Structure formats: C-alpha cells, structure tokens
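> Contents are compact mmCIF, C-alpha atoms; file name upload36.txt:
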# COMPACT_ATOMS: atom_id res chain seq x y z
CA MET A 339 -88.11 42.49 -171.94
CA VAL A 340 -90.21 39.40 -172.62
CA THR A 341 -87.60 37.73 -174.81
CA THR A 342 -84.96 38.00 -172.09
CA ASP A 343 -87.34 36.54 -169.48
CA LEU A 344 -88.18 33.58 -171.73
CA PHE A 345 -84.51 33.03 -172.52
CA ASP A 346 -83.61 33.14 -168.80
CA ARG A 347 -86.36 30.65 -167.93
CA ALA A 348 -85.31 28.29 -170.71
CA LEU A 349 -81.64 28.54 -169.69
CA VAL A 350 -82.46 27.86 -166.02
CA GLU A 351 -84.66 24.86 -166.89
CA GLU A 352 -82.33 23.22 -169.39
CA ALA A 353 -79.15 23.78 -167.39
CA THR A 354 -80.70 22.56 -164.14
CA LYS A 355 -82.33 19.51 -165.76
CA LYS A 356 -79.06 18.36 -167.27
CA SER A 357 -76.80 19.03 -164.30
CA GLY A 358 -76.34 16.27 -161.73
CA LEU A 359 -75.52 18.77 -158.98
CA ILE A 360 -76.56 22.30 -158.16
CA TRP A 361 -74.86 24.63 -155.72
CA VAL A 362 -77.34 26.17 -153.30
CA ARG A 363 -76.86 28.92 -150.73
CA GLY A 364 -79.77 29.38 -148.36
CA GLY A 365 -80.57 32.45 -146.32
CA VAL A 366 -79.68 34.83 -149.15
CA PRO A 367 -80.12 38.43 -147.93
CA THR A 368 -83.13 40.22 -149.36
CA LEU A 369 -83.60 43.87 -150.26
CA ASP A 370 -86.39 44.42 -147.70
CA GLY A 371 -84.20 45.09 -144.63
CA PRO A 372 -85.08 47.94 -142.24
CA ASP A 373 -82.64 50.32 -143.94
CA GLY A 374 -83.70 49.31 -147.47
CA GLY A 375 -80.47 47.34 -147.84
CA ALA A 376 -79.80 43.69 -147.25
CA GLY A 377 -82.16 41.83 -144.95
CA SER A 378 -81.01 40.51 -141.60
CA ALA A 379 -81.02 36.78 -142.43
CA PRO A 380 -77.48 35.39 -142.31
CA SER A 381 -76.29 33.59 -145.40
CA ALA A 382 -75.55 29.86 -145.03
CA PRO A 383 -72.61 28.17 -146.78
CA THR A 384 -73.01 27.10 -150.39
CA ARG A 385 -73.56 23.34 -150.71
CA ALA A 386 -73.53 21.01 -153.69
CA LEU A 387 -76.86 19.14 -153.75
CA TRP A 388 -78.24 16.42 -155.98
CA HIS A 389 -81.74 17.21 -157.17
CA ALA A 390 -84.57 16.49 -159.58
CA TRP A 391 -86.13 19.08 -161.91
CA ILE A 392 -89.92 18.69 -162.03
CA GLU A 393 -92.38 21.06 -163.70
CA GLY A 394 -90.49 24.32 -163.31
CA ALA A 395 -88.64 23.80 -160.02
CA ALA A 396 -85.71 21.92 -158.50
CA TYR A 397 -86.52 19.48 -155.69
CA VAL A 398 -84.03 18.35 -153.05
CA VAL A 399 -84.26 15.97 -150.09
CA GLY A 400 -82.08 16.01 -147.00
CA ASP A 401 -81.48 16.88 -143.34
CA GLY A 402 -82.01 13.29 -142.26
CA PRO A 403 -79.58 10.55 -141.22
CA GLY A 404 -77.40 9.61 -144.19
CA GLU A 405 -78.84 12.33 -146.42
CA GLN A 406 -77.41 15.60 -147.70
CA PRO A 407 -77.48 18.59 -145.33
CA LEU A 408 -79.72 21.53 -146.24
CA PRO A 409 -78.32 24.40 -144.13
CA GLY A 410 -80.09 27.73 -144.39
CA LEU A 411 -82.92 26.40 -146.55
CA LEU A 412 -86.05 27.34 -144.64
CA ASP A 413 -89.69 27.12 -145.69
CA GLY A 414 -90.63 30.48 -147.21
CA GLY A 415 -86.99 31.59 -147.36
CA ASP A 416 -84.81 32.58 -150.27
CA ALA A 417 -81.88 30.80 -151.87
CA LEU A 418 -79.39 31.32 -154.66
CA VAL A 419 -78.88 28.37 -157.01
CA THR A 420 -75.79 28.09 -159.22
CA VAL A 421 -75.77 25.51 -162.01
CA ARG A 422 -72.68 24.14 -163.68
CA SER A 423 -72.16 22.93 -167.20
CA LYS A 424 -72.34 19.14 -167.37
CA ASP A 425 -69.64 19.03 -170.07
CA LYS A 426 -67.01 21.43 -168.76
CA GLY A 427 -68.02 21.85 -165.10
CA GLY A 428 -67.92 25.67 -165.19
CA ARG A 429 -70.64 27.95 -163.85
CA LEU A 430 -73.41 28.29 -166.39
CA VAL A 431 -76.21 30.20 -164.69
CA ALA A 432 -77.20 31.45 -161.22
CA TRP A 433 -80.83 32.03 -160.27
CA PRO A 434 -82.74 33.19 -157.18
CA ALA A 435 -85.25 30.76 -155.71
CA LYS A 436 -88.08 30.68 -153.21
CA VAL A 437 -87.89 27.69 -150.85
CA ALA A 438 -91.03 25.71 -150.00
CA GLU A 439 -91.10 22.63 -147.77
CA LEU A 440 -93.50 19.94 -148.98
CA THR A 441 -95.92 18.18 -146.64
CA PRO A 442 -95.16 14.43 -146.49
CA GLY A 443 -97.85 12.43 -148.25
CA SER A 444 -99.24 15.34 -150.29
CA PRO A 445 -99.63 14.78 -154.05
CA GLU A 446 -96.74 17.18 -154.81
CA TRP A 447 -94.56 15.37 -152.23
CA GLN A 448 -95.40 11.98 -153.79
CA THR A 449 -94.47 13.24 -157.28
CA ALA A 450 -91.20 14.73 -156.02
CA VAL A 451 -90.23 11.65 -154.02
CA THR A 452 -90.90 9.37 -157.00
CA GLU A 453 -88.42 11.38 -159.10
CA LEU A 454 -85.89 11.84 -156.30
CA LYS A 455 -85.95 8.13 -155.44
CA GLY A 456 -84.75 7.30 -158.95
CA LYS A 457 -81.82 9.72 -158.60
CA ARG A 458 -80.71 8.67 -155.09
CA LEU A 459 -77.50 6.66 -155.32
CA ASN A 460 -76.42 4.02 -152.80
CA ALA A 461 -79.50 4.22 -150.63
CA PRO A 462 -79.23 1.90 -147.63
CA ASP A 463 -82.91 1.02 -147.51
CA GLY A 464 -84.09 0.76 -151.14
CA GLU A 465 -87.89 0.52 -151.32
CA ALA A 466 -88.34 1.77 -147.72
CA MET A 467 -86.63 5.06 -148.59
CA PRO A 468 -89.83 7.14 -149.14
CA ASP A 469 -91.16 6.11 -145.72
CA ARG A 470 -87.87 7.11 -144.09
CA TRP A 471 -87.89 10.43 -145.94
CA ALA A 472 -91.43 11.10 -144.69
CA ARG A 473 -90.39 10.42 -141.07
CA GLU A 474 -86.88 11.87 -140.89
CA CYS A 475 -86.14 14.19 -143.83
CA ARG A 476 -87.33 17.33 -145.55
CA VAL A 477 -88.27 17.56 -149.22
CA LEU A 478 -87.89 21.10 -150.56
CA ARG A 479 -89.02 22.84 -153.73
CA LEU A 480 -86.67 25.52 -155.09
CA GLU A 481 -88.72 27.62 -157.49
CA PRO A 482 -87.05 30.26 -159.70
CA THR A 483 -88.29 33.73 -158.77
CA GLY A 484 -86.86 36.08 -161.33
CA ALA A 485 -84.14 36.96 -163.76
CA THR A 486 -80.84 35.15 -163.64
CA GLU A 487 -78.05 36.61 -161.56
CA PRO A 488 -74.89 37.89 -163.24
CA LEU A 489 -72.05 35.40 -162.86
CA PRO A 490 -69.34 36.67 -160.51
CA GLU A 491 -65.82 37.45 -161.59
CA GLY A 492 -63.05 35.19 -160.33
CA SER A 493 -63.04 31.62 -159.12
CA LEU A 494 -64.82 31.98 -155.75
CA ALA A 495 -62.59 29.16 -154.47
CA ALA A 496 -63.10 28.54 -150.77
CA ARG A 497 -61.82 26.24 -148.06
CA PRO A 498 -63.83 22.96 -147.96
CA LEU A 499 -66.56 22.78 -145.32
CA PRO A 500 -65.96 20.52 -142.30
CA THR A 501 -67.17 16.98 -142.81
CA PRO A 502 -67.01 13.66 -140.92
CA ALA A 503 -65.73 11.98 -144.10
CA THR A 504 -62.12 10.82 -144.02
CA THR A 505 -59.50 9.98 -146.57
CA ARG A 506 -58.10 6.51 -146.80
CA GLU A 507 -54.91 5.52 -145.05
CA PRO A 508 -51.59 5.26 -146.92
CA VAL A 509 -51.03 2.07 -148.93
CA PRO A 510 -49.22 -0.58 -146.83
CA ALA A 511 -45.59 -0.96 -147.85
CA GLY A 512 -45.90 -4.62 -148.88
CA LEU A 513 -49.05 -4.26 -150.98
CA PRO A 514 -47.38 -3.33 -154.29
CA ARG A 515 -45.17 -6.44 -154.09
CA LEU A 516 -48.23 -8.63 -153.52
CA LEU A 517 -50.20 -7.06 -156.35
CA PHE A 518 -47.46 -6.99 -158.95
CA ARG A 519 -45.63 -10.22 -158.10
CA ARG A 520 -45.17 -12.30 -161.18
CA SER A 521 -46.13 -15.91 -160.94
CA LYS A 522 -43.32 -18.25 -161.70
CA LYS A 523 -43.90 -20.50 -164.66
CA PRO A 524 -43.19 -24.22 -164.20
CA GLN A 525 -40.22 -25.30 -166.23
Go through the file and emit its structure as structure tokens.

Amino acid sequence: MVTTDLFDRALVEEATKKSGLIWVRGGVPTLDGPDGGAGSAPSAPTRALWHAWIEGAAYVVGDGPGEQPLPGLLDGGDALVTVRSKDKGGRLVAWPAKVAELTPGSPEWQTAVTELKGKRLNAPDGEAMPDRWARECRVLRLEPTGATEPLPEGSLAARPLPTPATTREPVPAGLPRLLFRRSKKPQ
C-alpha cells in the first residue's frame, strides 16, 4: 500500500533525524541462504551509534582510534537500525538498511563528514578531524531498504558488551569532611 510506505518512510526519517543515537546491528541474516532461510552471515552485536541524517540515509563514522566501533557493518552488507524516542527513550521504529562505505574525498564523503563533524563531541583534534577520518576511519551510509520491522515483544535487555572503559574509584573517606567543612566565622 502506497500510504503505508510513505508513512513508514516519514516515520523513519523523522525519528532518526531527532534521535541522538541509533542502535545498529550489522550482519543481519538475509532470506537468500542456500535453503531459502536465513543467510550464512553471522549477526554482530547491537551497538548504540551517534549519527547524522542526510538526504534519506543515516551516516556514521568509526573503526578508528578513539572513534565508535562499527562491528559487522560491511560495505554492501545489511543492517537493522532501531531508533528510540528522544522524549521517553523507548523503541520507536526499527528499519532494515543497506550499508555502503564512502570513498574518502568523494563529494558524498565530504557532505557526510561536514555534518558528522558538527555532531562529534569531545574530539581530540578539532579541525584536523576530517583528515584523520580519511586516513584511519570508515564513513558509512545506512540507507533504508524497505518497510519498517515490527517491534519485538519484551525488553530485549542484554548483558553490556565488554569495554576498556572503567568506573571511578570509591570516594576517599576524608573527602566529604573536606567538602562540607564549615568555615569558622571570626568572632
């Protein structure tokens, strides 16, 4: 139905534009396997990625030092993108995507990097970031390929993925006394 397709496209675009993060799972099995069932590509873990929405597709940058990992996202591969509501944080829409890696320096790459640069927080190299991305990172286009996926039942809660990040150490015992000590007034 044409109306449903237009509604799905509008929902995907608006939700993805407004969301700061999208959850992406690369290596999504396809229906063209040898037995007509799921394809043989293993599914990678779902990752939260920051992105930019440009002219009908989500763009992400990563796989370089200090950048977000992009496991399972291969040029020409498939992915499943889940978008959350910016207000409540719940799942809003899930959509299948075709992954395309952009060639550094191409006009599409330049456009994507210009938008992504403005969304990159706490970059260590500021204005040199696009050059570093061209040398060390991948910029990917995630283009919607069809109707939205039905949202799954349940929470889909999972154990956090391993990371080199650490939590801070416990507060030293004497710190509260130092912070909350009242200064004595001269009498």
> Between A:Thr441, A:Thr504, A:Ser493, A:Ser423, which residue has the minimum interatomic distance to Glu352 (chain A), considering only C-alpha atoms?
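Distance minimum relative to Glu352 (chain A) lands on A:Ser423.
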> With all atoms listed in the file counted and 7 Å as the cut-off, give the residues of region 359-435 of chain A in contact with region 456-476 of chain A, each with its shortest interatomic distance in Å and the pair that gives it, as CSV.

residue,atom,partner,partner_atom,distance
A:Val399,CA,A:Arg476,CA,5.6
A:Gly400,CA,A:Cys475,CA,5.5
A:Asp401,CA,A:Cys475,CA,5.4
A:Gly402,CA,A:Cys475,CA,4.5
> Calculated over all atoms listed in the file, which of the candidates A:Gly427, A:Pro500, A:Gly512, A:Pro482 has the smallest distance to Asp343 (chain A)?
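Between A:Gly427, A:Pro500, A:Gly512, A:Pro482, the residue approaching Asp343 (chain A) most closely is A:Pro482.
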> Please return, as a PyMOL selection string, all polymer residues that have at least one atom within 7 Å of the point (-86.9, 26.8, -165.3); use only C-alpha atoms and the file's own coordinate frame.
chain A and resi 347-348+350-351+394-395+482
> May I have the centre and edge lengths, in Å to one decimal, of an axis-aligned box around the listed atoms of region 430-434 of chain A with 5 Å added to every side, as lines of an AutoDock Vina configuration file?

center_x = -78.1
center_y = 30.7
center_z = -161.8
size_x = 19.3
size_y = 14.9
size_z = 19.2
> Of the candidates A:Leu480, A:Leu430, A:Lys355, A:Gln448, which one gets nearest to Gly414 (chain A) if we count all atoms listed in the file?
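Of the candidates, the smallest distance to Gly414 (chain A) is held by A:Leu480.
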> Which polymer residues have any atom within 12 Å of an atom of Arg497 (chain A), counting all atoms listed in the file, with same-chain residues fewer than 3 positions away left out, as a PyMOL selection string?
chain A and resi 383-384+494+500-501
> Can those selected residues be exported to a file as an mmCIF file, in the coordinates of the input so that it contains C-alpha atoms?

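After the write, selection_14.cif holds the following:
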data_model
loop_
_atom_site.group_PDB
_atom_site.id
_atom_site.type_symbol
_atom_site.label_atom_id
_atom_site.label_comp_id
_atom_site.auth_asym_id
_atom_site.auth_seq_id
_atom_site.Cartn_x
_atom_site.Cartn_y
_atom_site.Cartn_z
ATOM 1 C CA PRO A 383 -72.610 28.170 -146.780
ATOM 2 C CA THR A 384 -73.010 27.100 -150.390
ATOM 3 C CA LEU A 494 -64.820 31.980 -155.750
ATOM 4 C CA PRO A 500 -65.960 20.520 -142.300
ATOM 5 C CA THR A 501 -67.170 16.980 -142.810
#
> I'd like the contact shell of Leu359 (chain A) - 10 Å cut-off, only C-alpha atoms, skipping same-chain residues fewer than 2 positions apart - returned as a list in words.
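In the requested format, the answer is Thr354, Lys355, Lys356, Ser357, Trp361, Val362, Arg385, Ala386, Leu387, Trp388, His389, Ala390, Thr420, Val421, Arg422, Ser423 and Lys424 of chain A.
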> Using all atoms listed in the file, which of A:Glu453, A:Glu487, A:Asp416, A:Glu393 sits nearest Asp346 (chain A)?
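Once distances to Asp346 (chain A) are computed over all atoms listed in the file, the minimum belongs to A:Glu487.
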> Quick one: of A:Leu418, A:Leu489, A:Leu412, A:Leu478, who's nearest to Val451 (chain A), counting all atoms listed in the file?
A:Leu478
> For Ala353 (chain A), which of A:Leu513, A:Val431, A:Leu411, A:Ala396 is the closest residue, counting all atoms listed in the file?
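Closest to Ala353 (chain A) of all the choices is A:Val431.
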> Can you pull out every residue within 8 Å of Val419 (chain A), counting all atoms listed in the file, but drop anything in the same chain fewer than 5 positions away, and send it as a count of residues only?
8
> Quick one: distance from CA of Gly410 (chain A) to CA of Ile392 (chain A) in Å, one decimal?
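Here the two named atoms are 22.1 Å from each other.
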> Do you have the CA of Leu454 (chain A)-CA of Ala495 (chain A) distance handy?
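CA of Ala495 (chain A) lies 29.1 Å from CA of Leu454 (chain A).
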